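File shown: work.txt (compact mmCIF, C-alpha atoms).
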```txt
# COMPACT_ATOMS: atom_id res chain seq x y z
CA MET S 1 7.02 23.79 -12.58
CA LEU S 2 3.47 23.68 -13.85
CA ARG S 3 3.28 27.41 -13.29
CA ALA S 4 6.20 27.84 -15.69
CA LEU S 5 4.51 25.56 -18.19
CA ALA S 6 1.31 27.58 -18.04
CA SER S 7 3.01 30.34 -20.03
CA GLY S 8 4.19 28.01 -22.78
CA ASP S 9 6.03 24.84 -23.72
CA ARG S 10 9.38 24.30 -22.05
CA HIS S 11 12.37 21.99 -22.30
CA ILE S 12 13.19 20.00 -19.19
CA GLY S 13 16.40 22.00 -18.69
CA GLU S 14 14.41 25.23 -18.69
CA LEU S 15 12.02 23.82 -16.11
CA ALA S 16 14.84 22.81 -13.80
CA ALA S 17 16.68 26.16 -13.91
CA PRO S 18 14.51 28.31 -11.59
CA PHE S 19 14.50 25.60 -8.92
CA ARG S 20 18.25 25.04 -8.93
CA MET S 21 17.54 21.36 -9.39
CA SER S 22 19.58 18.93 -11.40
CA PHE S 23 18.46 17.75 -14.82
CA ALA S 24 17.94 14.26 -13.36
CA ALA S 25 15.76 15.59 -10.56
CA ALA S 26 13.74 17.63 -13.04
CA SER S 27 13.26 14.58 -15.27
CA LYS S 28 11.96 12.62 -12.32
CA HIS S 29 9.61 15.46 -11.45
CA VAL S 30 8.38 15.57 -15.03
CA ARG S 31 7.78 11.83 -14.99
CA VAL S 32 5.59 12.06 -11.89
CA LEU S 33 3.54 14.81 -13.52
CA GLU S 34 3.29 12.80 -16.70
CA GLU S 35 2.02 9.76 -14.80
CA ALA S 36 -0.53 11.95 -13.06
CA GLY S 37 -1.73 13.03 -16.51
CA LEU S 38 -0.89 16.68 -15.92
CA LEU S 39 1.85 17.01 -18.47
CA ARG S 40 2.67 15.68 -21.91
CA ARG S 41 6.15 15.19 -23.29
CA ARG S 42 7.24 15.08 -26.91
CA ARG S 43 10.64 14.78 -28.57
CA ASP S 44 12.12 17.83 -30.17
CA GLY S 45 15.33 16.66 -31.77
CA ARG S 46 17.39 15.37 -28.87
CA ARG S 47 15.47 17.23 -26.25
CA HIS S 48 12.12 16.67 -24.65
CA MET S 49 9.52 19.39 -24.88
CA CYS S 50 6.98 19.53 -22.08
CA ARG S 51 3.51 20.87 -22.32
CA ILE S 52 0.75 21.25 -19.79
CA GLU S 53 -1.74 18.58 -20.59
CA PRO S 54 -5.19 18.86 -19.14
CA SER S 55 -7.97 20.88 -20.59
CA PRO S 56 -9.47 23.07 -17.87
CA LEU S 57 -12.26 20.57 -17.47
CA ALA S 58 -9.90 17.65 -17.02
CA ALA S 59 -7.93 19.71 -14.52
CA ALA S 60 -11.12 20.47 -12.62
CA GLU S 61 -11.91 16.77 -12.53
CA ARG S 62 -8.50 15.98 -11.14
CA TRP S 63 -8.78 18.64 -8.49
CA LEU S 64 -12.14 17.28 -7.38
CA ARG S 65 -10.82 13.76 -7.37
CA PHE S 66 -7.87 14.91 -5.28
CA TYR S 67 -10.27 16.21 -2.61
CA GLU S 68 -12.41 13.11 -2.90
CA ARG S 69 -9.39 10.93 -2.14
CA PHE S 70 -8.42 13.33 0.61
CA TRP S 71 -11.77 13.02 2.41
CA ASN S 72 -11.98 9.29 1.86
CA SER S 73 -8.60 8.78 3.44
CA ARG S 74 -9.55 11.11 6.33
CA LEU S 75 -12.76 9.17 6.96
CA ASP S 76 -10.79 5.92 6.84
CA ALA S 77 -8.57 7.37 9.55
CA LEU S 78 -11.59 8.36 11.63
CA GLU S 79 -13.07 4.91 11.30
CA ALA S 80 -9.79 3.29 12.34
CA LEU S 81 -9.50 5.63 15.32
CA LEU S 82 -13.03 4.86 16.55
CA LYS S 83 -12.41 1.14 16.15
CA SER S 84 -9.17 1.30 18.10
CA GLU S 85 -10.95 3.17 20.90
CA ASP S 86 -13.63 0.48 20.91
CA SER S 87 -11.11 -2.31 21.23
CA LYS S 88 -9.55 -0.50 24.17
CA GLY S 89 -13.03 -0.30 25.65
CA SER S 90 -12.75 3.41 26.27
CA LEU S 91 -15.20 6.21 25.51
CA LYS S 92 -18.17 4.07 24.62
CA MET H 1 -20.96 22.74 -17.00
CA LYS H 2 -19.97 23.40 -13.44
CA ALA H 3 -23.09 22.72 -11.37
CA ALA H 4 -22.87 19.28 -9.78
CA GLY H 5 -19.26 18.73 -10.76
CA GLN H 6 -18.07 21.28 -8.25
CA VAL H 7 -19.50 19.55 -5.24
CA ILE H 8 -18.03 16.50 -3.57
CA ARG H 9 -20.37 14.31 -1.58
CA ILE H 10 -19.26 11.26 0.37
CA THR H 11 -21.41 9.07 2.60
CA ARG H 12 -19.98 6.70 5.21
CA HIS H 13 -21.38 4.39 7.82
CA PHE H 14 -19.71 4.27 11.24
CA ASP H 15 -20.22 1.69 13.97
CA ALA H 16 -20.29 4.47 16.54
CA SER H 17 -22.89 6.82 17.95
CA PRO H 18 -23.60 10.11 16.15
CA GLU H 19 -22.21 11.93 19.20
CA ARG H 20 -18.85 10.18 19.03
CA VAL H 21 -18.50 10.79 15.30
CA PHE H 22 -19.56 14.42 15.71
CA ASP H 23 -17.20 15.08 18.63
CA ALA H 24 -14.26 13.62 16.73
CA TRP H 25 -14.35 16.74 14.53
CA LEU H 26 -14.38 19.26 17.36
CA ASN H 27 -12.42 17.72 20.22
CA PRO H 28 -8.79 18.85 19.71
CA GLN H 29 -7.34 15.70 21.29
CA THR H 30 -9.32 13.47 18.96
CA ALA H 31 -9.16 15.66 15.86
CA SER H 32 -5.39 15.94 16.03
CA ARG H 33 -5.16 12.17 15.69
CA TRP H 34 -6.92 11.92 12.37
CA LEU H 35 -8.45 15.03 10.82
CA PHE H 36 -5.91 16.84 8.68
CA THR H 37 -2.95 14.59 9.15
CA ASP H 38 -0.99 13.25 6.25
CA PRO H 39 0.50 9.76 6.70
CA LYS H 40 3.94 11.35 6.48
CA GLY H 41 3.03 14.38 8.55
CA LYS H 42 2.63 15.19 12.21
CA ILE H 43 0.07 17.53 13.74
CA THR H 44 2.05 20.20 15.55
CA ARG H 45 -0.79 22.58 16.35
CA CYS H 46 -4.50 21.97 16.79
CA GLU H 47 -6.61 24.89 17.94
CA ILE H 48 -10.35 24.49 17.80
CA ASP H 49 -12.75 27.15 19.03
CA ALA H 50 -15.91 25.07 18.81
CA ARG H 51 -18.65 27.69 18.63
CA VAL H 52 -20.44 29.41 15.79
CA GLY H 53 -18.08 32.08 14.50
CA GLY H 54 -15.15 30.32 16.21
CA LYS H 55 -12.12 29.37 14.16
CA PHE H 56 -9.86 26.39 13.85
CA LEU H 57 -6.21 26.07 12.93
CA ILE H 58 -4.66 22.68 12.43
CA VAL H 59 -1.02 22.56 11.38
CA ASP H 60 0.41 19.43 9.83
CA THR H 61 4.19 19.47 9.64
CA ARG H 62 5.30 17.54 6.56
CA ALA H 63 8.49 17.19 4.56
CA VAL H 64 7.43 20.21 2.45
CA GLY H 65 6.97 22.32 5.58
CA ASP H 66 4.03 23.38 7.71
CA VAL H 67 0.63 22.98 6.07
CA ASP H 68 -2.06 25.08 7.77
CA HIS H 69 -5.70 24.05 7.62
CA VAL H 70 -7.95 26.91 8.62
CA GLY H 71 -11.64 27.67 8.80
CA GLU H 72 -14.57 29.00 10.74
CA TYR H 73 -17.57 27.19 12.18
CA LEU H 74 -20.84 28.33 10.64
CA GLU H 75 -23.29 25.90 12.16
CA ILE H 76 -22.92 23.54 15.13
CA ASP H 77 -25.89 21.33 15.88
CA ARG H 78 -24.58 18.38 17.91
CA PRO H 79 -24.79 15.60 16.85
CA ARG H 80 -26.72 16.23 13.64
CA ARG H 81 -24.94 18.86 11.64
CA LEU H 82 -21.66 20.72 11.44
CA VAL H 83 -20.83 23.34 8.82
CA PHE H 84 -17.48 25.07 8.51
CA THR H 85 -15.41 26.99 6.00
CA PHE H 86 -12.19 25.31 5.04
CA SER H 87 -9.06 26.38 3.24
CA VAL H 88 -5.47 25.32 2.92
CA PRO H 89 -3.70 28.60 2.07
CA ARG H 90 -0.49 26.85 1.04
CA TYR H 91 -2.30 25.14 -1.81
CA SER H 92 -5.10 27.50 -2.69
CA PRO H 93 -6.62 30.77 -1.44
CA GLN H 94 -10.04 29.36 -2.24
CA GLN H 95 -12.42 29.33 0.70
CA THR H 96 -14.45 26.15 0.53
CA ARG H 97 -17.36 25.00 2.64
CA VAL H 98 -17.78 21.63 4.33
CA THR H 99 -21.09 20.33 5.69
CA LEU H 100 -21.45 17.19 7.78
CA ASP H 101 -24.85 15.62 8.22
CA ILE H 102 -25.04 12.75 10.68
CA VAL H 103 -28.07 10.50 11.05
CA PRO H 104 -28.48 7.43 13.29
CA SER H 105 -28.36 4.20 11.31
CA GLY H 106 -28.60 0.73 12.82
CA LYS H 107 -26.26 0.54 15.81
CA GLY H 108 -24.17 3.38 14.46
CA CYS H 109 -24.65 6.34 12.20
CA GLU H 110 -24.27 7.55 8.66
CA LEU H 111 -22.22 10.61 7.90
CA THR H 112 -22.62 12.58 4.69
CA LEU H 113 -19.85 15.01 3.92
CA THR H 114 -20.52 17.72 1.35
CA HIS H 115 -17.62 19.84 0.15
CA GLU H 116 -18.67 22.91 -1.85
CA ASN H 117 -16.98 25.77 -3.71
CA VAL H 118 -14.02 23.54 -4.32
CA LEU H 119 -13.30 25.18 -7.66
CA PRO H 120 -12.99 28.93 -7.84
CA GLU H 121 -15.09 30.31 -10.68
CA TRP H 122 -12.36 32.48 -12.09
CA THR H 123 -10.23 29.46 -12.82
CA GLU H 124 -12.58 28.75 -15.68
CA GLN H 125 -11.43 31.86 -17.43
CA THR H 126 -7.83 32.31 -16.52
CA GLN H 127 -4.90 30.15 -17.27
CA GLN H 128 -3.20 31.62 -14.23
CA GLY H 129 -5.93 30.23 -12.07
CA TRP H 130 -5.34 26.77 -13.41
CA ALA H 131 -1.61 27.10 -13.04
CA MET H 132 -2.15 27.86 -9.37
CA ILE H 133 -4.45 24.93 -8.80
CA LEU H 134 -2.20 22.58 -10.70
CA GLY H 135 0.82 23.89 -8.84
CA ALA H 136 -0.90 22.93 -5.62
CA LEU H 137 -1.83 19.56 -6.97
CA GLU H 138 1.72 19.01 -8.10
CA GLU H 139 2.99 19.83 -4.64
CA SER H 140 0.53 17.42 -3.08
CA LEU H 141 1.63 14.65 -5.43
CA HIS H 142 5.17 15.10 -4.23
CA ALA H 143 4.31 15.52 -0.58
```

structure tokens encoding of this file:
Amino acid sequence: MLRALASGDRHIGELAAPFRMSFAAASKHVRVLEEAGLLRRRRDGRRHMCRIEPSPLAAAERWLRFYERFWNSRLDALEALLKSEDSKGSLK
Amino acid sequence: MKAAGQVIRITRHFDASPERVFDAWLNPQTASRWLFTDPKGKITRCEIDARVGGKFLIVDTRAVGDVDHVGEYLEIDRPRRLVFTFSVPRYSPQQTRVTLDIVPSGKGCELTLTHENVLPEWTEQTQQGWAMILGALEESLHA
């Protein structure tokens, strides 16, 4: 969906078409992207126009933050695993 | 502009010996329980050839399908340092590099993870590059 938006602004209906998804499903998708700050929506008459939001720099920031969360959650999992092994008294 | 922004560095303390923390990355039985799993996923393949030049393949089966995590070990210095390349082809062709430095600390150890080359340079110039990265991010948000 964001790939389609990269080539220009699109209406929600246009975004849904290539994925054979319903308008409602596409709207939900758009909302998630909007909340993540990746997309901006504006009214165009009765329709909503969507536009890719982040400047390249903001996008880079998000990508880095994505990996940062990824590693933090992995290290949380490692910590939990080591603790559970400790409580079982194995592999000291 | 890029310099420091392209590197992720995370430091953690563990109440476990450097050896245990180090081995958790290379022992397939242990790694498959935590390393590249998603809370909604399940590790269906975990192959680790733990030697310099050896490769790893860890497959997490999620709702979106199989997500492969692949890489090659560049440096193995148990229990101090582990360096490997890392990529998730489903989300990005970019080959990144992960370095783990483990030092004893108190009764446990401190691990510093450095993730480099996270952002491909060409993405700075091309809109296509960004579309690809954002497409991957989008997929991960829905995963």

note = Judged by all atoms listed in the file, the minimum distance to chain S among H:Lys42, H:Lys55, H:Arg12, H:Arg62 is found for H:Arg12

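Nearest-residue note for Leu75 (chain S): choosing from H:Leu57, H:Val52, H:Leu100, H:Val118, the minimum distance belongs to H:Leu100, counting all atoms listed in the file.
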
message = Nearest residue to Arg51 (chain S) out of S:Ala25, S:Lys88, S:Phe66, S:Val30, using only C-alpha atoms?
response = S:Val30

query = Using only C-alpha atoms, which residues sit within 12 Å of region 13-18 of chain S once same-chain residues fewer than 5 positions away are excluded, as a PyMOL selection string?
reply = chain S and resi 1-8+23-30+47-51

task = Please identify all polymer residues within 6 Å of region 86-97 of chain H, counting all atoms listed in the file, omitting same-chain residues fewer than 2 positions from it, and present them as a PyMOL selection string.
result = chain H and resi 68-71+84+115-118+136

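CA of Val32 (chain S) lies 25.6 Å from CA of Asp76 (chain S).
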
inquiry  = I want to know what sits within 10 Å of Asp60 (chain H), based on all atoms listed in the file, with residues of the same chain fewer than 6 positions away left out; could you give that as a PyMOL selection string?
reply    = chain H and resi 32+35-38+40-46+66-69

ask   = Which is closest to Arg33 (chain H) among H:Ala16, H:Ile58, H:Val83, H:Ile10, if we use all atoms listed in the file?
value = H:Ile58

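Taking CA of Glu85 (chain S) and CA of Asp49 (chain H) as endpoints, the distance between them is 24.1 Å.
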
task = May I ask which of the residues H:Glu47, H:Val98, H:Ala63, H:Val103 is the closest one to chain S, counting all atoms listed in the file?
result = H:Val98

For chain S, write C-alpha atoms out as a PDB file, in the first residue's frame.
```
ATOM      1  CA  MET S   1       0.000   0.000   0.000  1.00  0.00           C
ATOM      2  CA  LEU S   2       2.807   2.358   0.864  1.00  0.00           C
ATOM      3  CA  ARG S   3       4.543   1.263  -2.308  1.00  0.00           C
ATOM      4  CA  ALA S   4       1.520   2.467  -4.282  1.00  0.00           C
ATOM      5  CA  LEU S   5       1.550   5.734  -2.366  1.00  0.00           C
ATOM      6  CA  ALA S   6       5.205   6.294  -3.152  1.00  0.00           C
ATOM      7  CA  SER S   7       4.263   7.119  -6.741  1.00  0.00           C
ATOM      8  CA  GLY S   8       1.655   9.694  -5.764  1.00  0.00           C
ATOM      9  CA  ASP S   9      -1.428  10.502  -3.716  1.00  0.00           C
ATOM     10  CA  ARG S  10      -4.214   7.948  -3.822  1.00  0.00           C
ATOM     11  CA  HIS S  11      -7.818   7.594  -2.729  1.00  0.00           C
ATOM     12  CA  ILE S  12      -8.554   4.774  -0.315  1.00  0.00           C
ATOM     13  CA  GLY S  13     -10.534   2.928  -3.004  1.00  0.00           C
ATOM     14  CA  GLU S  14      -7.522   3.024  -5.318  1.00  0.00           C
ATOM     15  CA  LEU S  15      -5.311   1.648  -2.572  1.00  0.00           C
ATOM     16  CA  ALA S  16      -7.640  -1.249  -1.905  1.00  0.00           C
ATOM     17  CA  ALA S  17      -8.028  -2.324  -5.552  1.00  0.00           C
ATOM     18  CA  PRO S  18      -4.714  -4.134  -6.187  1.00  0.00           C
ATOM     19  CA  PHE S  19      -5.085  -6.152  -2.979  1.00  0.00           C
ATOM     20  CA  ARG S  20      -8.652  -7.274  -3.652  1.00  0.00           C
ATOM     21  CA  MET S  21      -9.535  -5.984  -0.212  1.00  0.00           C
ATOM     22  CA  SER S  22     -12.772  -4.367   0.798  1.00  0.00           C
ATOM     23  CA  PHE S  23     -13.053  -0.626   1.276  1.00  0.00           C
ATOM     24  CA  ALA S  24     -13.576  -1.218   5.012  1.00  0.00           C
ATOM     25  CA  ALA S  25     -10.442  -3.337   5.265  1.00  0.00           C
ATOM     26  CA  ALA S  26      -8.463  -0.722   3.357  1.00  0.00           C
ATOM     27  CA  SER S  27      -9.745   2.025   5.667  1.00  0.00           C
ATOM     28  CA  LYS S  28      -8.610   0.046   8.668  1.00  0.00           C
ATOM     29  CA  HIS S  29      -5.224  -0.483   7.070  1.00  0.00           C
ATOM     30  CA  VAL S  30      -4.952   3.232   6.370  1.00  0.00           C
ATOM     31  CA  ARG S  31      -5.836   4.028   9.964  1.00  0.00           C
ATOM     32  CA  VAL S  32      -3.043   1.812  11.297  1.00  0.00           C
ATOM     33  CA  LEU S  33      -0.565   3.530   8.997  1.00  0.00           C
ATOM     34  CA  GLU S  34      -1.879   6.916  10.022  1.00  0.00           C
ATOM     35  CA  GLU S  35      -1.443   6.081  13.703  1.00  0.00           C
ATOM     36  CA  ALA S  36       2.084   4.921  12.993  1.00  0.00           C
ATOM     37  CA  GLY S  37       2.733   8.334  11.441  1.00  0.00           C
ATOM     38  CA  LEU S  38       3.520   6.899   8.022  1.00  0.00           C
ATOM     39  CA  LEU S  39       0.584   8.314   6.155  1.00  0.00           C
ATOM     40  CA  ARG S  40      -1.492  11.469   6.156  1.00  0.00           C
ATOM     41  CA  ARG S  41      -5.115  11.702   5.131  1.00  0.00           C
ATOM     42  CA  ARG S  42      -7.013  14.732   3.881  1.00  0.00           C
ATOM     43  CA  ARG S  43     -10.560  15.216   2.636  1.00  0.00           C
ATOM     44  CA  ASP S  44     -11.106  15.707  -1.046  1.00  0.00           C
ATOM     45  CA  GLY S  45     -14.803  16.343  -1.436  1.00  0.00           C
ATOM     46  CA  ARG S  46     -16.424  13.195  -0.108  1.00  0.00           C
ATOM     47  CA  ARG S  47     -13.362  11.063  -0.469  1.00  0.00           C
ATOM     48  CA  HIS S  48     -10.203  10.772   1.538  1.00  0.00           C
ATOM     49  CA  MET S  49      -6.903  11.369  -0.189  1.00  0.00           C
ATOM     50  CA  CYS S  50      -3.904   9.567   1.263  1.00  0.00           C
ATOM     51  CA  ARG S  51      -0.353  10.701   1.067  1.00  0.00           C
ATOM     52  CA  ILE S  52       2.866   9.183   2.286  1.00  0.00           C
ATOM     53  CA  GLU S  53       3.870  11.193   5.274  1.00  0.00           C
ATOM     54  CA  PRO S  54       7.405  10.919   6.510  1.00  0.00           C
ATOM     55  CA  SER S  55      10.306  12.831   5.147  1.00  0.00           C
ATOM     56  CA  PRO S  56      13.141  10.418   4.375  1.00  0.00           C
ATOM     57  CA  LEU S  57      14.765  11.384   7.632  1.00  0.00           C
ATOM     58  CA  ALA S  58      11.656  10.689   9.664  1.00  0.00           C
ATOM     59  CA  ALA S  59      11.295   7.376   7.872  1.00  0.00           C
ATOM     60  CA  ALA S  60      14.888   6.518   8.708  1.00  0.00           C
ATOM     61  CA  GLU S  61      14.200   7.325  12.339  1.00  0.00           C
ATOM     62  CA  ARG S  62      11.203   5.051  12.369  1.00  0.00           C
ATOM     63  CA  TRP S  63      13.112   2.226  10.777  1.00  0.00           C
ATOM     64  CA  LEU S  64      15.857   2.525  13.369  1.00  0.00           C
ATOM     65  CA  ARG S  65      13.330   2.679  16.159  1.00  0.00           C
ATOM     66  CA  PHE S  66      11.653  -0.418  14.758  1.00  0.00           C
ATOM     67  CA  TYR S  67      14.939  -2.337  15.073  1.00  0.00           C
ATOM     68  CA  GLU S  68      15.591  -0.852  18.476  1.00  0.00           C
ATOM     69  CA  ARG S  69      12.247  -2.173  19.721  1.00  0.00           C
ATOM     70  CA  PHE S  70      12.967  -5.449  17.992  1.00  0.00           C
ATOM     71  CA  TRP S  71      16.272  -5.975  19.826  1.00  0.00           C
ATOM     72  CA  ASN S  72      14.905  -4.764  23.128  1.00  0.00           C
ATOM     73  CA  SER S  73      12.077  -7.253  22.971  1.00  0.00           C
ATOM     74  CA  ARG S  74      14.522 -10.024  21.948  1.00  0.00           C
ATOM     75  CA  LEU S  75      16.794  -9.226  24.892  1.00  0.00           C
ATOM     76  CA  ASP S  76      13.763  -9.210  27.194  1.00  0.00           C
ATOM     77  CA  ALA S  77      12.996 -12.700  25.920  1.00  0.00           C
ATOM     78  CA  LEU S  78      16.578 -13.822  26.552  1.00  0.00           C
ATOM     79  CA  GLU S  79      16.492 -12.446  30.058  1.00  0.00           C
ATOM     80  CA  ALA S  80      13.202 -14.208  30.785  1.00  0.00           C
ATOM     81  CA  LEU S  81      14.562 -17.467  29.393  1.00  0.00           C
ATOM     82  CA  LEU S  82      17.715 -17.328  31.535  1.00  0.00           C
ATOM     83  CA  LYS S  83      15.645 -16.527  34.618  1.00  0.00           C
ATOM     84  CA  SER S  84      13.287 -19.423  33.990  1.00  0.00           C
ATOM     85  CA  GLU S  85      16.271 -21.764  33.619  1.00  0.00           C
ATOM     86  CA  ASP S  86      17.636 -20.444  36.909  1.00  0.00           C
ATOM     87  CA  SER S  87      14.404 -21.082  38.746  1.00  0.00           C
ATOM     88  CA  LYS S  88      14.418 -24.637  37.421  1.00  0.00           C
ATOM     89  CA  GLY S  89      17.955 -24.919  38.739  1.00  0.00           C
ATOM     90  CA  SER S  90      19.278 -26.210  35.450  1.00  0.00           C
ATOM     91  CA  LEU S  91      22.346 -25.179  33.474  1.00  0.00           C
ATOM     92  CA  LYS S  92      23.960 -23.016  36.103  1.00  0.00           C
TER      93      LYS S  92
END
```
